[in-house]
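So this one's protein33.cif, mmCIF, C-alpha atoms and all ligand atoms:
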```
data_protein
loop_
_atom_site.label_atom_id
_atom_site.label_comp_id
_atom_site.auth_asym_id
_atom_site.auth_seq_id
_atom_site.Cartn_x
_atom_site.Cartn_y
_atom_site.Cartn_z
CA MET A 1 -13.28 -13.32 -11.41
CA THR A 2 -14.07 -16.76 -9.94
CA PRO A 3 -11.55 -18.11 -7.43
CA ILE A 4 -8.93 -20.53 -8.70
CA ALA A 5 -7.18 -23.38 -6.87
CA HIS A 6 -4.02 -22.28 -5.10
CA LYS A 7 -1.57 -23.39 -2.42
CA LEU A 8 -1.56 -20.30 -0.23
CA LYS A 9 -2.37 -20.88 3.43
CA PRO A 10 -5.96 -19.95 4.27
CA ASP A 11 -4.69 -17.55 6.95
CA SER A 12 -2.36 -15.71 4.58
CA LEU A 13 -1.83 -11.98 4.62
CA ILE A 14 -0.77 -10.62 1.23
CA THR A 15 -0.11 -6.89 1.33
CA LEU A 16 0.15 -4.57 -1.65
CA ALA A 17 2.46 -1.59 -1.56
CA GLY A 18 3.31 1.18 -4.00
CA THR A 19 2.94 4.86 -4.57
CA VAL A 20 -0.38 6.66 -4.96
CA GLY A 21 -2.16 5.77 -8.22
CA VAL A 22 0.07 2.84 -9.15
CA GLY A 23 -2.79 0.32 -9.05
CA LYS A 24 -2.90 -1.20 -5.55
CA SER A 25 -6.67 -1.05 -5.04
CA THR A 26 -7.37 -2.47 -8.48
CA LEU A 27 -4.99 -5.40 -7.99
CA THR A 28 -6.16 -5.94 -4.39
CA LYS A 29 -9.70 -6.46 -5.62
CA THR A 30 -8.79 -8.79 -8.49
CA LEU A 31 -6.28 -10.79 -6.49
CA ALA A 32 -8.67 -11.25 -3.57
CA GLU A 33 -11.42 -12.41 -5.93
CA THR A 34 -9.06 -14.77 -7.74
CA LEU A 35 -7.76 -16.26 -4.49
CA GLY A 36 -11.14 -16.39 -2.77
CA PHE A 37 -9.68 -14.17 -0.02
CA LYS A 38 -11.16 -11.08 1.56
CA ALA A 39 -9.95 -7.64 0.51
CA ALA A 40 -9.01 -4.90 2.98
CA PHE A 41 -9.04 -1.49 1.33
CA GLU A 42 -7.70 1.85 2.37
CA LYS A 43 -10.78 4.08 2.57
CA VAL A 44 -10.44 7.49 0.97
CA ASP A 45 -14.09 8.58 0.97
CA GLY A 46 -14.98 9.61 4.48
CA ASN A 47 -11.41 10.44 5.50
CA PRO A 48 -11.99 13.62 7.56
CA TYR A 49 -8.51 15.08 7.01
CA LEU A 50 -7.36 14.13 3.51
CA GLU A 51 -8.78 17.08 1.57
CA ASP A 52 -7.57 19.61 4.17
CA TYR A 53 -4.19 17.90 4.25
CA TYR A 54 -3.63 18.40 0.53
CA HIS A 55 -4.44 22.10 0.97
CA ASP A 56 -2.18 22.64 3.96
CA PHE A 57 0.40 19.95 4.75
CA LYS A 58 1.85 21.83 7.70
CA LYS A 59 -1.44 22.22 9.50
CA TRP A 60 -2.84 18.75 8.92
CA SER A 61 0.04 16.25 8.51
CA PHE A 62 0.08 15.11 12.13
CA HIS A 63 -3.72 14.80 12.31
CA LEU A 64 -3.84 12.80 9.07
CA GLN A 65 -1.07 10.44 10.14
CA MET A 66 -2.77 9.77 13.47
CA TYR A 67 -6.02 9.12 11.65
CA PHE A 68 -4.36 6.62 9.27
CA LEU A 69 -2.68 4.83 12.19
CA ALA A 70 -6.04 4.49 13.96
CA GLU A 71 -7.66 3.18 10.76
CA ARG A 72 -4.86 0.66 10.18
CA PHE A 73 -5.20 -0.54 13.76
CA LYS A 74 -8.95 -1.13 13.38
CA GLN A 75 -8.37 -2.89 10.07
CA GLN A 76 -5.62 -5.14 11.49
CA LYS A 77 -7.78 -6.01 14.50
CA GLN A 78 -10.65 -7.03 12.27
CA MET A 79 -8.41 -9.11 9.98
CA HIS A 80 -6.83 -10.79 12.99
CA GLU A 81 -10.20 -11.63 14.51
CA GLU A 82 -11.36 -13.12 11.21
CA GLY A 83 -8.29 -15.35 10.99
CA LEU A 84 -6.73 -13.48 8.06
CA GLY A 85 -7.07 -14.82 4.50
CA TYR A 86 -6.74 -11.25 3.27
CA VAL A 87 -5.30 -9.20 0.47
CA GLN A 88 -4.53 -5.79 1.94
CA ASP A 89 -4.31 -2.50 0.07
CA ARG A 90 -1.20 -0.72 1.47
CA SER A 91 1.02 -1.48 4.46
CA ILE A 92 1.47 0.44 7.69
CA TYR A 93 5.21 0.50 6.90
CA GLU A 94 4.53 2.99 4.09
CA ASP A 95 2.67 5.39 6.40
CA VAL A 96 5.68 5.68 8.64
CA GLY A 97 8.63 5.08 6.33
CA ILE A 98 7.38 7.20 3.47
CA PHE A 99 4.47 9.56 4.10
CA ALA A 100 5.17 10.70 7.66
CA LYS A 101 8.92 10.85 7.00
CA LEU A 102 8.39 12.96 3.87
CA GLN A 103 6.36 15.52 5.79
CA TYR A 104 8.83 15.52 8.67
CA ASP A 105 11.75 16.02 6.28
CA GLN A 106 9.90 18.84 4.54
CA GLY A 107 9.31 20.62 7.87
CA ASN A 108 5.57 19.94 7.90
CA MET A 109 5.73 17.82 11.06
CA THR A 110 7.72 18.91 14.11
CA SER A 111 10.17 16.45 15.65
CA ARG A 112 7.93 16.38 18.75
CA ASP A 113 4.94 15.29 16.67
CA PHE A 114 6.98 12.89 14.56
CA ASN A 115 8.43 11.22 17.69
CA THR A 116 4.98 10.88 19.25
CA TYR A 117 3.66 9.39 16.04
CA HIS A 118 6.64 7.08 15.70
CA SER A 119 6.42 5.71 19.24
CA LEU A 120 2.73 4.96 18.74
CA PHE A 121 3.60 3.10 15.53
CA GLU A 122 6.28 1.06 17.33
CA ALA A 123 3.86 0.11 20.10
CA MET A 124 1.27 -0.89 17.52
CA VAL A 125 3.44 -3.16 15.42
CA MET A 126 4.45 -5.10 18.54
CA ASN A 127 0.79 -6.01 19.07
CA PRO A 128 -0.35 -9.50 17.96
CA TYR A 129 -2.87 -7.81 15.66
CA PHE A 130 0.10 -6.90 13.46
CA PRO A 131 1.57 -10.06 11.98
CA LYS A 132 4.07 -9.37 9.22
CA PRO A 133 2.62 -10.01 5.78
CA ASP A 134 3.44 -13.41 4.26
CA VAL A 135 4.35 -11.57 1.08
CA LEU A 136 4.43 -7.90 0.19
CA ILE A 137 3.68 -7.25 -3.48
CA TYR A 138 5.39 -4.04 -4.50
CA ILE A 139 3.92 -2.42 -7.61
CA ASN A 140 6.07 0.00 -9.56
CA GLY A 141 6.06 1.75 -12.92
CA SER A 142 7.38 4.84 -14.64
CA PHE A 143 6.67 8.16 -12.97
CA GLU A 144 4.90 9.39 -16.12
CA SER A 145 2.51 6.38 -16.28
CA ILE A 146 1.65 6.77 -12.61
CA MET A 147 0.94 10.48 -13.03
CA ASP A 148 -1.36 9.60 -15.95
CA ARG A 149 -3.22 7.21 -13.67
CA ILE A 150 -3.59 9.83 -10.93
CA HIS A 151 -5.08 12.19 -13.51
CA SER A 152 -7.39 9.64 -15.08
CA ARG A 153 -8.67 8.47 -11.68
CA GLY A 154 -9.69 12.07 -11.08
CA ARG A 155 -9.35 12.82 -7.35
CA GLN A 156 -9.18 16.60 -7.63
CA MET A 157 -7.09 17.09 -4.46
CA GLU A 158 -4.37 14.83 -5.95
CA ILE A 159 -4.54 16.42 -9.40
CA ASP A 160 -4.10 19.88 -7.82
CA THR A 161 -1.02 18.77 -5.86
CA PRO A 162 2.24 19.90 -7.54
CA PRO A 163 4.16 17.24 -9.51
CA GLU A 164 7.21 17.86 -7.29
CA PHE A 165 5.34 16.30 -4.37
CA TRP A 166 4.58 13.17 -6.42
CA LYS A 167 8.17 13.00 -7.65
CA ASP A 168 9.51 13.19 -4.10
CA LEU A 169 7.04 10.47 -3.04
CA TYR A 170 8.02 8.34 -6.05
CA ASN A 171 11.74 8.65 -5.30
CA ARG A 172 11.20 7.82 -1.64
CA TYR A 173 9.35 4.66 -2.62
CA GLN A 174 12.32 3.52 -4.72
CA GLN A 175 14.68 3.94 -1.75
CA TRP A 176 12.28 2.54 0.81
CA ILE A 177 11.65 -0.73 -1.01
CA GLU A 178 15.36 -1.35 -1.54
CA ASN A 179 15.82 -1.37 2.23
CA PHE A 180 12.59 -3.16 3.13
CA GLN A 181 13.29 -6.34 5.13
CA GLU A 182 10.10 -7.09 7.07
CA CYS A 183 8.90 -9.92 4.80
CA PRO A 184 9.51 -11.37 1.31
CA VAL A 185 8.76 -8.97 -1.55
CA LEU A 186 7.43 -9.69 -5.03
CA HIS A 187 8.24 -6.82 -7.39
CA LEU A 188 5.65 -6.19 -10.10
CA ASP A 189 5.88 -3.68 -12.92
CA ILE A 190 2.61 -2.17 -14.17
CA ASP A 191 3.55 -3.06 -17.75
CA ASN A 192 3.97 -6.74 -16.88
CA TYR A 193 0.55 -7.80 -15.63
CA ASP A 194 -3.07 -7.46 -16.59
CA CYS A 195 -5.84 -7.61 -13.99
CA ASN A 196 -8.33 -8.67 -16.68
CA ASP A 197 -6.32 -11.70 -17.75
CA LEU A 198 -6.69 -14.84 -15.64
CA ASP A 199 -3.36 -16.25 -16.82
CA SER A 200 -1.63 -13.11 -15.68
CA MET A 201 -3.26 -13.39 -12.23
CA ARG A 202 -2.31 -17.08 -12.12
CA GLU A 203 1.34 -16.23 -12.73
CA ILE A 204 1.35 -13.69 -9.92
CA ILE A 205 -0.27 -16.19 -7.58
CA ARG A 206 2.33 -18.86 -8.47
CA ALA A 207 5.08 -16.36 -7.63
CA VAL A 208 3.41 -15.49 -4.31
CA GLU A 209 3.04 -19.19 -3.48
CA ALA A 210 6.74 -19.75 -4.15
CA LEU A 211 7.65 -16.88 -1.84
CA GLN A 212 5.38 -18.11 0.93
CA ALA A 213 6.88 -21.59 0.63
CA SER A 214 10.45 -20.27 0.94
CA PRO A 215 10.24 -17.06 2.97
CA SER A 216 14.02 -16.82 3.18
CA SER A 217 13.95 -15.47 -0.37
CA LYS A 218 13.90 -11.76 0.07
CA HIS A 219 13.20 -9.72 -3.06
CA VAL A 220 11.94 -11.51 -6.15
CA ILE A 221 11.39 -9.71 -9.43
CA TYR A 222 8.43 -10.87 -11.45
CA ARG A 223 9.57 -11.76 -15.00
N1 LIG B 301 -3.49 -2.73 -14.39
C1 LIG B 301 -4.03 -1.54 -14.72
N2 LIG B 301 -4.10 -1.17 -16.00
C2 LIG B 301 -4.62 0.01 -16.33
N3 LIG B 301 -5.10 0.90 -15.45
C3 LIG B 301 -5.06 0.60 -14.17
C4 LIG B 301 -4.51 -0.65 -13.72
N4 LIG B 301 -4.58 -0.66 -12.36
C5 LIG B 301 -5.14 0.50 -12.00
N5 LIG B 301 -5.45 1.25 -13.07
C6 LIG B 301 -6.07 2.58 -13.04
O1 LIG B 301 -5.16 3.48 -12.42
C7 LIG B 301 -5.83 4.34 -11.49
C8 LIG B 301 -5.25 4.14 -10.10
O2 LIG B 301 -5.51 2.80 -9.69
P1 LIG B 301 -5.76 2.44 -8.15
O3 LIG B 301 -5.94 0.97 -8.11
O4 LIG B 301 -6.85 3.29 -7.58
O5 LIG B 301 -4.35 2.86 -7.53
P2 LIG B 301 -3.88 2.96 -6.02
O6 LIG B 301 -4.81 2.16 -5.17
O7 LIG B 301 -2.48 2.43 -6.03
O8 LIG B 301 -3.90 4.42 -5.69
C9 LIG B 301 -7.31 3.99 -11.59
O9 LIG B 301 -7.92 4.90 -12.48
C10 LIG B 301 -7.32 2.57 -12.16
O10 LIG B 301 -8.48 2.30 -12.89
N1 LIG B 302 0.03 7.77 5.61
C1 LIG B 302 -0.41 8.62 4.68
N2 LIG B 302 -0.09 9.92 4.73
C2 LIG B 302 -0.53 10.80 3.82
N3 LIG B 302 -1.35 10.47 2.82
C3 LIG B 302 -1.68 9.19 2.74
C4 LIG B 302 -1.24 8.21 3.64
N4 LIG B 302 -1.75 7.02 3.23
C5 LIG B 302 -2.50 7.28 2.16
N5 LIG B 302 -2.45 8.56 1.87
C6 LIG B 302 -3.20 9.26 0.83
C7 LIG B 302 -2.61 9.20 -0.53
C8 LIG B 302 -3.80 9.20 -1.43
O1 LIG B 302 -4.23 10.53 -1.69
C9 LIG B 302 -4.88 8.51 -0.59
C10 LIG B 302 -5.07 7.06 -0.89
O2 LIG B 302 -3.89 6.46 -1.34
P1 LIG B 302 -3.87 5.37 -2.54
O3 LIG B 302 -2.42 5.11 -2.77
O4 LIG B 302 -4.59 5.96 -3.71
O5 LIG B 302 -4.60 4.18 -1.98
O6 LIG B 302 -4.49 8.66 0.74
#
```
Could you take the file, read its structure, and then write that structure out as structure tokens?
Ligand SMILES: Nc1ncnc2c1ncn2[C@@H]1O[C@H](COP(=O)(O)OP(=O)(O)O)[C@@H](O)[C@H]1O
Ligand SMILES: Nc1ncnc2c1ncn2[C@H]1C[C@H](O)[C@@H](COP(=O)(O)O)O1
Amino acid sequence: MTPIAHKLKPDSLITLAGTVGVGKSTLTKTLAETLGFKAAFEKVDGNPYLEDYYHDFKKWSFHLQMYFLAERFKQQKQMHEEGLGYVQDRSIYEDVGIFAKLQYDQGNMTSRDFNTYHSLFEAMVMNPYFPKPDVLIYINGSFESIMDRIHSRGRQMEIDTPPEFWKDLYNRYQQWIENFQECPVLHLDIDNYDCNDLDSMREIIRAVEALQASPSSKHVIYR
């Protein structure tokens, strides 16, 4: 898609959040192209722990979380040094508030490890590399549609993971976003936008512009 005219600040940070398979990476790419911004993706290929993690949560949860924190830090540093103008695939808030917490609650991370992880997170978000996003776009949909997407995308480690894990993750996302206060949130439903339709992208961008212009608005539902 060719970039369109918009009123977002050139140093904006627009962050996409939502459960696994909901469509963050796809929208990140299209939105970045449409805005003429850079895209910052969460890399799955080359993650040295992810496959092992899905086979043994207890053994690998702490390692994986530390790895993701390190990756987020490098990504934030790079975005900061480039003066932002980014659409970012997933927030650091989800790592801590959803994934790490889930594994801690399920007994797959000890409180010692969780506390160590958490204090590192707190130190990181105080760093100037970690500005709050201008707008967080939260993508949601029905559990069934998201499971279909996980299956059609075809990452075997995710397909082999029991549906109960995905349901727990899904439910945690619903609670987490209700309490999220770090920045304004635009709520999108997967049935209400189309990445291949320029008008649909335009509408999302107009909503993001409105939120950036009046950041005191907290949670805005698209349509
Ligand atoms: N708007 C959409 N309409 C239909 N399918 C989509 C849409 N967005 C993503 N998908 C498909 O759903 C799957 C998961 O999308 P992806 O962007 O990788 O999700 P995430 O980054 O949230 O894990 C992929 O197979 C992708 O092609
Ligand atoms: N912080 C995380 N802990 C555990 N697993 C995580 C974390 N962040 C991402 N993941 C996993 C979930 C998926 O299998 C891949 C990529 O996520 P996606 O939502 O498809 O971008 O990594």
Go through chain A residue by residue and, counting all atoms listed in the file, keep those with an atom at most 6 Å from ligand LIG 301 (chain B); for each kept residue give the shortest atom pair and its distance in Å to one decimal, ordered by chain and increasing number, as CSV.
```
residue,atom,partner,partner_atom,distance
A:Val20,CA,B:LIG301,O8,4.2
A:Gly21,CA,B:LIG301,O8,3.4
A:Val22,CA,B:LIG301,O7,4.1
A:Gly23,CA,B:LIG301,O5,3.3
A:Lys24,CA,B:LIG301,O7,3.7
A:Ser25,CA,B:LIG301,O6,3.7
A:Thr26,CA,B:LIG301,O3,3.7
A:Arg149,CA,B:LIG301,O1,4.4
A:Ile150,CA,B:LIG301,C7,6.0
A:Ser152,CA,B:LIG301,O9,5.4
A:Arg153,CA,B:LIG301,O9,3.7
A:Asp194,CA,B:LIG301,N1,5.2
A:Cys195,CA,B:LIG301,N1,5.4
```
Expected selection as a count of residues only for ligand LIG 302 (chain B) within 10 Å, all atoms listed in the file: 57
Just need the box for range 53-68 of chain A, edges along x, y and z, holding every atom the file lists for it with 4 Å tacked onto each side, so centre and edge lengths in Å to one decimal, as AutoDock Vina command-line options.
```
--center_x -2.1 --center_y 14.6 --center_z 7.0 --size_x 15.9 --size_y 24.0 --size_z 20.9
```
Measuring atom to atom with all atoms listed in the file, identify which of A:His219, A:Tyr104, A:Val208, A:Ile137 is nearest to His118 in chain A. A:Tyr104
Counting only C-alpha atoms, which residue out of A:Thr110, A:Thr30, A:Leu35, A:Val220 sits closest to Lys7 in chain A?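 Selected residue with least distance to Lys7 in chain A: A:Leu35.
Distance-wise, CA of Lys29 in chain A and CA of Tyr129 in chain A end up 22.4 Å apart.
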Distance query Phe143 in chain A at most 9 Å, only C-alpha atoms, self and fewer than 5 positions along chain excluded, as number ranges by chain: A: 148, 166-167, 170
So how many Å separate CA of Lys59 in chain A and CA of Met109 in chain A, to one decimal?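 Distance reported for this atom pair: 8.6 Å.
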Which residue out of A:Ala213, A:Leu188, A:Thr2, A:Pro133 has the minimum interatomic distance to Leu27 in chain A when all atoms listed in the file are used?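 Once distances to Leu27 in chain A are computed over all atoms listed in the file, the minimum belongs to A:Leu188.
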One decimal, in Å: what's the spacing between CA of Pro215 in chain A and CA of Arg202 in chain A? 19.6 Å
Give the answer as one residue: which of A:Glu164, A:Leu31, A:Lys218, A:Asp11 has the shortest atom-to-atom distance to Arg206 in chain A, using all atoms listed in the file?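 When distances to Arg206 in chain A are compared using all atoms listed in the file, the smallest one comes from A:Leu31.
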Taking all atoms listed in the file into account, name the residue in A:Asp189, A:Asp160, A:Asp113, A:Glu182 that is nearest to Met147 in chain A.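 Answer, going by the shortest atom-to-atom distance: A:Asp160.
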May I have the residues within 8 Å of Ile14 in chain A as a ChimeraX atom specification, using only C-alpha atoms and disregarding those fewer than 2 positions away in the same chain? /A:12,16,86-88,133-137
